[in-house]
Amino acid sequence: MDILVVGGGGREHAIVMKLAQSPRVDKLYCTPGNGGISKYAECFDVSATDIDGVVELAQKIKCDMVVVAPDDPLVLGMVDALQQKGFKTFGPKANAAIIEGSKVFSKELMKKYGIPTANYEVFTDSESAIKYLKEQNTYPAVIKADGLALGKGVILAQDEDEAVTAVHEMIDELKFGKSSARIVIEEYLTGPEVSVLSFTDGKTVVPMLSSMDHKRALDGDKGLNTGGMGTVAPNPYYTDDVAKQCMETIFKPTIEAMNKEGRTFEGCLYFGLMLTPKGPKVIEYNCRFGDPETQVVLPMLETDLCDIFEAIYDHTLSELKIKWKSGSCACVVMASGGYPLSYPKGLEIKGLDEKGQLDGAVIYHAGTKLDGEKMLTNGGRVLGVTCTALTLAEALRRAYEAVSKISWENAHYRTDIGKRALEANVDPLNLDYKDDMEDYIESNGVYLRQ
Ligand code: AMP
Ligand code: GLY
């Protein structure tokens, strides 16, 4: 099969590299791709949101399947347009992608079908929103833009001033364009967060290995919300009991609810969960693979990803046994100094080999660009430095060792990715990864996956 992947970030790099392992895949294409992806797939200049352009490209290269990875083209109906031209696709149609495209839609869906989530109210004018905030007078207050906002449309306001500013910026100043003309104000929940990506063809739902994202820019979960600064998988807080509970109260009910609404979801449905003292609740749905969750989940997948994509398209997912490797995977995102606000582009990245990789780690490129022989920064999140090992502690240690070998001017990364996961105290090697792991491994004879 020849496969076109739409998108150009770390997630798409992870999808492309996984597909490249499939004996069934002949040729890989990606648009727009990036400096790292171009080493594994032929890249094109068509933007990921250009529906007509992508349809034309698919026709020109005569590919056998198109994988639409990012949220915007899915919400805009790229899969619908490709299917109309007879292409096999991976990703939900627009009427199902709305589960991410509109927070108001997803909150109403959960309310209607009794799926556990934070209590909420919807507002379209700032005056009533502010009146409500003043009546509630509980902080932090959670304020969310209804539509897509590059993962930045959620404000956790610490006091009334911050909350009022956020409401004005969203509704009156349309900070996120028409995405923030409507907002959701919801109850603040606490507990460990878990990302569960799932494969579904609308009949069967198969949760993937769980993971944990680190959304804030700075150590200790400080600083602004970002697209995600690092991930680990599996998430040790997501025990078998929690998984069973989520299947019964969240995963199956969501798939059934979408079917009942005439919006059958086919693709990767991402459940952003919080394990609250009152049980698991949905923080958000995404209609696609998470980024950087994909970078730690797909390396652990044993089953051929191409077979899974086809089974979803053919509605035969129940016939496929999906297997995972044992061990853990960790991804540390290296970002441009200044991200998620403004940052420079075009800085030379040092320490990578000619494939944009580094021995002992897998480097997923998120925002890079090739300039002759040089690899340059070309985005906020630049690289996802990823390692798999038998234990989380070791995966983290090796990922940070790799990070220390890569550099560019003002590169920024968090130094505490996986810290909270290690604190869950279920990792057999629950040691501080900054401690001297080598001695421990040597004396305990731990096998490390290469
Ligand atoms: P979202 O983009 O909806 O995933 O929200 C971004 C981040 O904001 C989440 O990963 C949580 O850390 C936080 N968040 C969102 N909703 C809530 C909530 N109701 N209570 C507490 N934190 C939340
Ligand atoms: N890492 C969170 C997301 O992909 O939305």
# chains A, B, ... in the order shown; residues from 1 in each chain; ligands from 1
>>> residues_near_ligand(ligand="ligand 1", cutoff="10 Å", atoms="only C-alpha atoms and all ligand atoms", output="PyMOL selection string")
chain A and resi 100+103+117-120+140-145+148-156+185-195+212-216+221+225-228+271-274+276+281-286
>>> write_last_selection(atoms="N, CA and C atoms", output="short mmCIF file (atom, residue, chain, number, x, y, z; two decimals), in the first residue's frame")
data_model
loop_
_atom_site.label_atom_id
_atom_site.label_comp_id
_atom_site.auth_asym_id
_atom_site.auth_seq_id
_atom_site.Cartn_x
_atom_site.Cartn_y
_atom_site.Cartn_z
N GLU A 100 -14.60 16.93 19.26
CA GLU A 100 -13.49 17.82 19.67
C GLU A 100 -13.75 19.24 19.21
N LYS A 103 -16.69 22.16 22.27
CA LYS A 103 -16.77 21.72 23.67
C LYS A 103 -18.22 21.74 24.13
N THR A 117 -18.46 13.92 33.87
CA THR A 117 -17.62 15.06 33.49
C THR A 117 -17.87 16.20 34.47
N ALA A 118 -17.08 17.26 34.40
CA ALA A 118 -17.26 18.41 35.31
C ALA A 118 -18.59 19.12 35.00
N ASN A 119 -19.28 19.59 36.04
CA ASN A 119 -20.49 20.39 35.83
C ASN A 119 -20.12 21.67 35.10
N TYR A 120 -21.06 22.23 34.33
CA TYR A 120 -20.69 23.35 33.47
C TYR A 120 -21.89 24.23 33.12
N PRO A 140 -9.73 27.92 41.63
CA PRO A 140 -9.65 28.30 40.23
C PRO A 140 -10.99 28.06 39.50
N ALA A 141 -11.23 28.92 38.51
CA ALA A 141 -12.38 28.74 37.63
C ALA A 141 -11.85 28.25 36.28
N VAL A 142 -12.57 27.34 35.67
CA VAL A 142 -12.11 26.76 34.41
C VAL A 142 -12.92 27.36 33.26
N ILE A 143 -12.24 28.07 32.36
CA ILE A 143 -12.92 28.78 31.27
C ILE A 143 -12.38 28.23 29.95
N LYS A 144 -13.30 27.73 29.10
CA LYS A 144 -12.86 27.06 27.87
C LYS A 144 -13.54 27.67 26.64
N ALA A 145 -12.74 27.94 25.62
CA ALA A 145 -13.31 28.35 24.33
C ALA A 145 -14.05 27.15 23.75
N LEU A 148 -11.85 24.98 18.38
CA LEU A 148 -10.43 24.62 18.37
C LEU A 148 -9.54 25.85 18.61
N ALA A 149 -8.49 25.68 19.41
CA ALA A 149 -7.61 26.81 19.71
C ALA A 149 -6.18 26.35 19.94
N LEU A 150 -5.75 25.39 19.12
CA LEU A 150 -4.36 24.88 19.19
C LEU A 150 -3.98 24.43 20.60
N GLY A 151 -4.92 23.87 21.33
CA GLY A 151 -4.65 23.39 22.69
C GLY A 151 -4.46 24.50 23.71
N LYS A 152 -4.77 25.75 23.31
CA LYS A 152 -4.52 26.87 24.22
C LYS A 152 -5.80 27.54 24.70
N GLY A 153 -6.94 26.95 24.40
CA GLY A 153 -8.22 27.60 24.69
C GLY A 153 -8.79 27.33 26.06
N VAL A 154 -7.96 26.82 26.98
CA VAL A 154 -8.45 26.56 28.34
C VAL A 154 -7.69 27.43 29.32
N ILE A 155 -8.44 28.22 30.10
CA ILE A 155 -7.80 29.07 31.11
C ILE A 155 -8.23 28.60 32.50
N LEU A 156 -7.25 28.35 33.35
CA LEU A 156 -7.55 28.02 34.75
C LEU A 156 -7.31 29.31 35.53
N ILE A 185 -17.93 27.45 31.08
CA ILE A 185 -17.29 27.63 32.39
C ILE A 185 -17.62 26.38 33.19
N GLU A 186 -16.58 25.70 33.67
CA GLU A 186 -16.87 24.43 34.35
C GLU A 186 -16.19 24.29 35.68
N GLU A 187 -16.68 23.33 36.43
CA GLU A 187 -16.19 22.98 37.75
C GLU A 187 -14.72 22.57 37.67
N TYR A 188 -13.93 22.98 38.66
CA TYR A 188 -12.51 22.63 38.71
C TYR A 188 -12.38 21.25 39.36
N LEU A 189 -11.76 20.34 38.64
CA LEU A 189 -11.58 18.98 39.15
C LEU A 189 -10.12 18.78 39.55
N THR A 190 -9.90 17.81 40.44
CA THR A 190 -8.51 17.50 40.81
C THR A 190 -8.27 16.00 40.70
N GLY A 191 -7.01 15.64 40.54
CA GLY A 191 -6.62 14.23 40.46
C GLY A 191 -5.63 14.04 39.34
N PRO A 192 -4.99 12.86 39.31
CA PRO A 192 -4.05 12.60 38.21
C PRO A 192 -4.78 12.56 36.87
N GLU A 193 -4.10 13.06 35.84
CA GLU A 193 -4.69 13.03 34.50
C GLU A 193 -4.18 11.82 33.74
N VAL A 194 -5.05 11.26 32.92
CA VAL A 194 -4.70 10.12 32.09
C VAL A 194 -5.19 10.39 30.68
N SER A 195 -4.35 10.13 29.69
CA SER A 195 -4.82 10.18 28.31
C SER A 195 -5.00 8.75 27.84
N MET A 212 0.42 9.70 30.01
CA MET A 212 0.26 10.92 30.81
C MET A 212 0.99 12.05 30.11
N ASP A 213 0.25 13.13 29.85
CA ASP A 213 0.83 14.31 29.22
C ASP A 213 1.27 15.30 30.31
N HIS A 214 2.08 16.25 29.95
CA HIS A 214 2.49 17.32 30.86
C HIS A 214 2.24 18.61 30.10
N LYS A 215 1.09 19.25 30.39
CA LYS A 215 0.62 20.32 29.52
C LYS A 215 1.26 21.68 29.77
N ARG A 216 1.68 21.92 31.02
CA ARG A 216 2.21 23.27 31.32
C ARG A 216 3.63 23.41 30.84
N ASP A 221 4.43 21.85 36.91
CA ASP A 221 3.14 22.25 36.31
C ASP A 221 2.88 23.74 36.47
N ASN A 225 -0.37 26.89 29.61
CA ASN A 225 -0.73 25.64 28.96
C ASN A 225 -0.08 25.58 27.59
N THR A 226 0.38 24.40 27.20
CA THR A 226 0.99 24.23 25.88
C THR A 226 0.27 23.08 25.18
N GLY A 227 0.73 22.72 24.00
CA GLY A 227 0.21 21.53 23.33
C GLY A 227 0.63 20.25 24.07
N GLY A 228 1.64 20.33 24.91
CA GLY A 228 2.14 19.16 25.64
C GLY A 228 3.66 19.16 25.63
N PHE A 271 -9.56 10.04 24.87
CA PHE A 271 -10.26 10.39 26.10
C PHE A 271 -9.25 11.06 27.04
N GLY A 272 -9.45 12.34 27.31
CA GLY A 272 -8.63 13.05 28.30
C GLY A 272 -9.37 12.93 29.63
N LEU A 273 -8.81 12.18 30.57
CA LEU A 273 -9.53 11.85 31.80
C LEU A 273 -8.85 12.43 33.02
N MET A 274 -9.65 12.67 34.05
CA MET A 274 -9.07 13.01 35.35
C MET A 274 -9.60 12.01 36.36
N THR A 276 -10.64 11.62 39.53
CA THR A 276 -11.03 12.46 40.67
C THR A 276 -11.37 11.56 41.86
N LYS A 281 -13.39 11.06 35.36
CA LYS A 281 -14.28 11.96 34.63
C LYS A 281 -13.59 12.43 33.36
N VAL A 282 -14.41 12.78 32.36
CA VAL A 282 -13.86 13.25 31.09
C VAL A 282 -13.53 14.74 31.20
N ILE A 283 -12.27 15.09 30.90
CA ILE A 283 -11.85 16.49 30.82
C ILE A 283 -12.08 16.98 29.39
N GLU A 284 -11.73 16.14 28.44
CA GLU A 284 -11.95 16.51 27.04
C GLU A 284 -11.91 15.27 26.16
N TYR A 285 -12.55 15.40 25.00
CA TYR A 285 -12.40 14.41 23.94
C TYR A 285 -11.57 15.05 22.83
N ASN A 286 -10.73 14.25 22.19
CA ASN A 286 -10.11 14.70 20.94
C ASN A 286 -10.45 13.69 19.85
#
>>> select_by_dssp(residues="region 83-263 of chain A", states="strand (DSSP E or B)", output="VMD selection string")
chain A and resid 88 to 90 117 120 to 123 141 to 145 154 to 157 183 to 186 193 to 200 205 to 207 211 to 213 216 to 218 222 to 225 230 to 233
>>> residues_around(residues="Gly147 (chain A)", least_positions_apart="6", cutoff="9 Å", atoms="only C-alpha atoms", output="PyMOL selection string")
chain A and resi 100-104+153+176+178-183
>>> atom_distance(atom1="CA of Val332 (chain A)", atom2="CA of Leu275 (chain A)")
23.3 Å
>>> residues_around(residues="region 239-249 of chain A", least_positions_apart="2", cutoff="10 Å", atoms="only C-alpha atoms", output="list in words")
Gly114, Ile115, Pro116, Val196, Val205, Val206, Pro207, Ser210, Pro234, Asn235, Pro236, Tyr237, Phe251, Lys252, Pro253, Thr254, Phe271, Leu273, Leu275, Gly279, Pro280, Lys281, Val282 and Val426 of chain A
>>> residues_around(residues="Lys39 (chain A)", least_positions_apart="6", cutoff="10 Å", atoms="only C-alpha atoms", output="compact mmCIF listing (two decimals) with N, CA, C and O atoms, in the first residue's frame")
# COMPACT_ATOMS: atom_id res chain seq x y z
N HIS A 13 5.12 12.29 12.62
CA HIS A 13 6.40 11.59 12.48
C HIS A 13 6.29 10.20 13.11
O HIS A 13 6.78 9.21 12.55
N MET A 17 6.68 6.75 11.06
CA MET A 17 7.72 5.77 11.40
C MET A 17 7.11 4.42 11.75
O MET A 17 7.70 3.37 11.47
N GLY A 33 4.45 17.57 6.26
CA GLY A 33 5.63 16.91 6.80
C GLY A 33 6.55 17.90 7.48
O GLY A 33 6.16 19.04 7.78
N GLU A 354 22.57 12.51 10.33
CA GLU A 354 22.02 12.96 9.04
C GLU A 354 20.57 12.55 8.83
O GLU A 354 19.86 13.13 8.02
N LYS A 355 20.10 11.56 9.61
CA LYS A 355 18.67 11.19 9.52
C LYS A 355 17.83 12.01 10.51
O LYS A 355 16.63 11.77 10.67
N GLY A 356 18.48 12.94 11.22
CA GLY A 356 17.75 13.72 12.22
C GLY A 356 17.52 12.91 13.48
O GLY A 356 16.62 13.20 14.27
N LEU A 370 14.56 21.17 6.96
CA LEU A 370 15.88 20.90 6.41
C LEU A 370 16.32 22.08 5.57
O LEU A 370 15.54 22.61 4.78
>>> residues_around(residues="Gly267 (chain A)", least_positions_apart="2", cutoff="7 Å", atoms="only C-alpha atoms", output="list in words")
Phe90, Gly91, Pro92, Phe199, Thr200, Asp201, Phe265, Leu269 and Ile312 of chain A
>>> atom_distance(atom1="CA of Lys111 (chain A)", atom2="CA of Ala129 (chain A)")
20.1 Å
>>> residues_around(residues="region 162-168 of chain A", least_positions_apart="4", cutoff="7 Å", atoms="only C-alpha atoms", output="ChimeraX atom specification")
/A:126,130,141,157-158,172-173
>>> write_last_selection(atoms="C-alpha atoms", output="PDB file, in the first residue's frame")
ATOM      1  CA  SER A 126     -19.533  38.280  28.753  1.00  0.00           C
ATOM      2  CA  ILE A 130     -19.046  37.365  34.668  1.00  0.00           C
ATOM      3  CA  ALA A 141     -12.381  28.744  37.630  1.00  0.00           C
ATOM      4  CA  ALA A 157      -8.234  31.408  36.347  1.00  0.00           C
ATOM      5  CA  GLN A 158      -6.829  31.715  39.862  1.00  0.00           C
ATOM      6  CA  ASP A 172     -15.483  40.297  23.416  1.00  0.00           C
ATOM      7  CA  GLU A 173     -12.039  40.342  21.817  1.00  0.00           C
TER       8      GLU A 173
END
>>> closest_residue(among="A:Gly262, A:Gly9, A:Gly53, A:Gly372", to="ligand 2", atoms="only C-alpha atoms and all ligand atoms")
A:Gly9
>>> select_by_dssp(residues="region 102-245 of chain A", states="alpha helix (DSSP H)", output="VMD selection string")
chain A and resid 103 to 113 126 to 136 160 to 167 240 to 245
>>> closest_residue(among="A:Cys287, A:Val362, A:Ala395, A:Leu352", to="ligand 2", atoms="only C-alpha atoms and all ligand atoms")
A:Cys287
>>> closest_residue(among="A:Leu28, A:Met258, A:Val297, A:Val55", to="ligand 2", atoms="only C-alpha atoms and all ligand atoms")
A:Val297
>>> closest_residue(among="A:Val6, A:Leu392, A:Leu305, A:Ala311", to="Lys18 (chain A)", atoms="only C-alpha atoms")
A:Leu305
>>> closest_residue(among="A:Pro299, A:Gly77, A:Gly351, A:Gly338", to="Val16 (chain A)", atoms="only C-alpha atoms")
A:Pro299
>>> closest_residue(among="A:Tyr139, A:Phe289, A:Tyr113, A:Tyr238", to="ligand 2", atoms="only C-alpha atoms and all ligand atoms")
A:Phe289
>>> atom_distance(atom1="CA of Leu298 (chain A)", atom2="CA of Val68 (chain A)")
16.2 Å
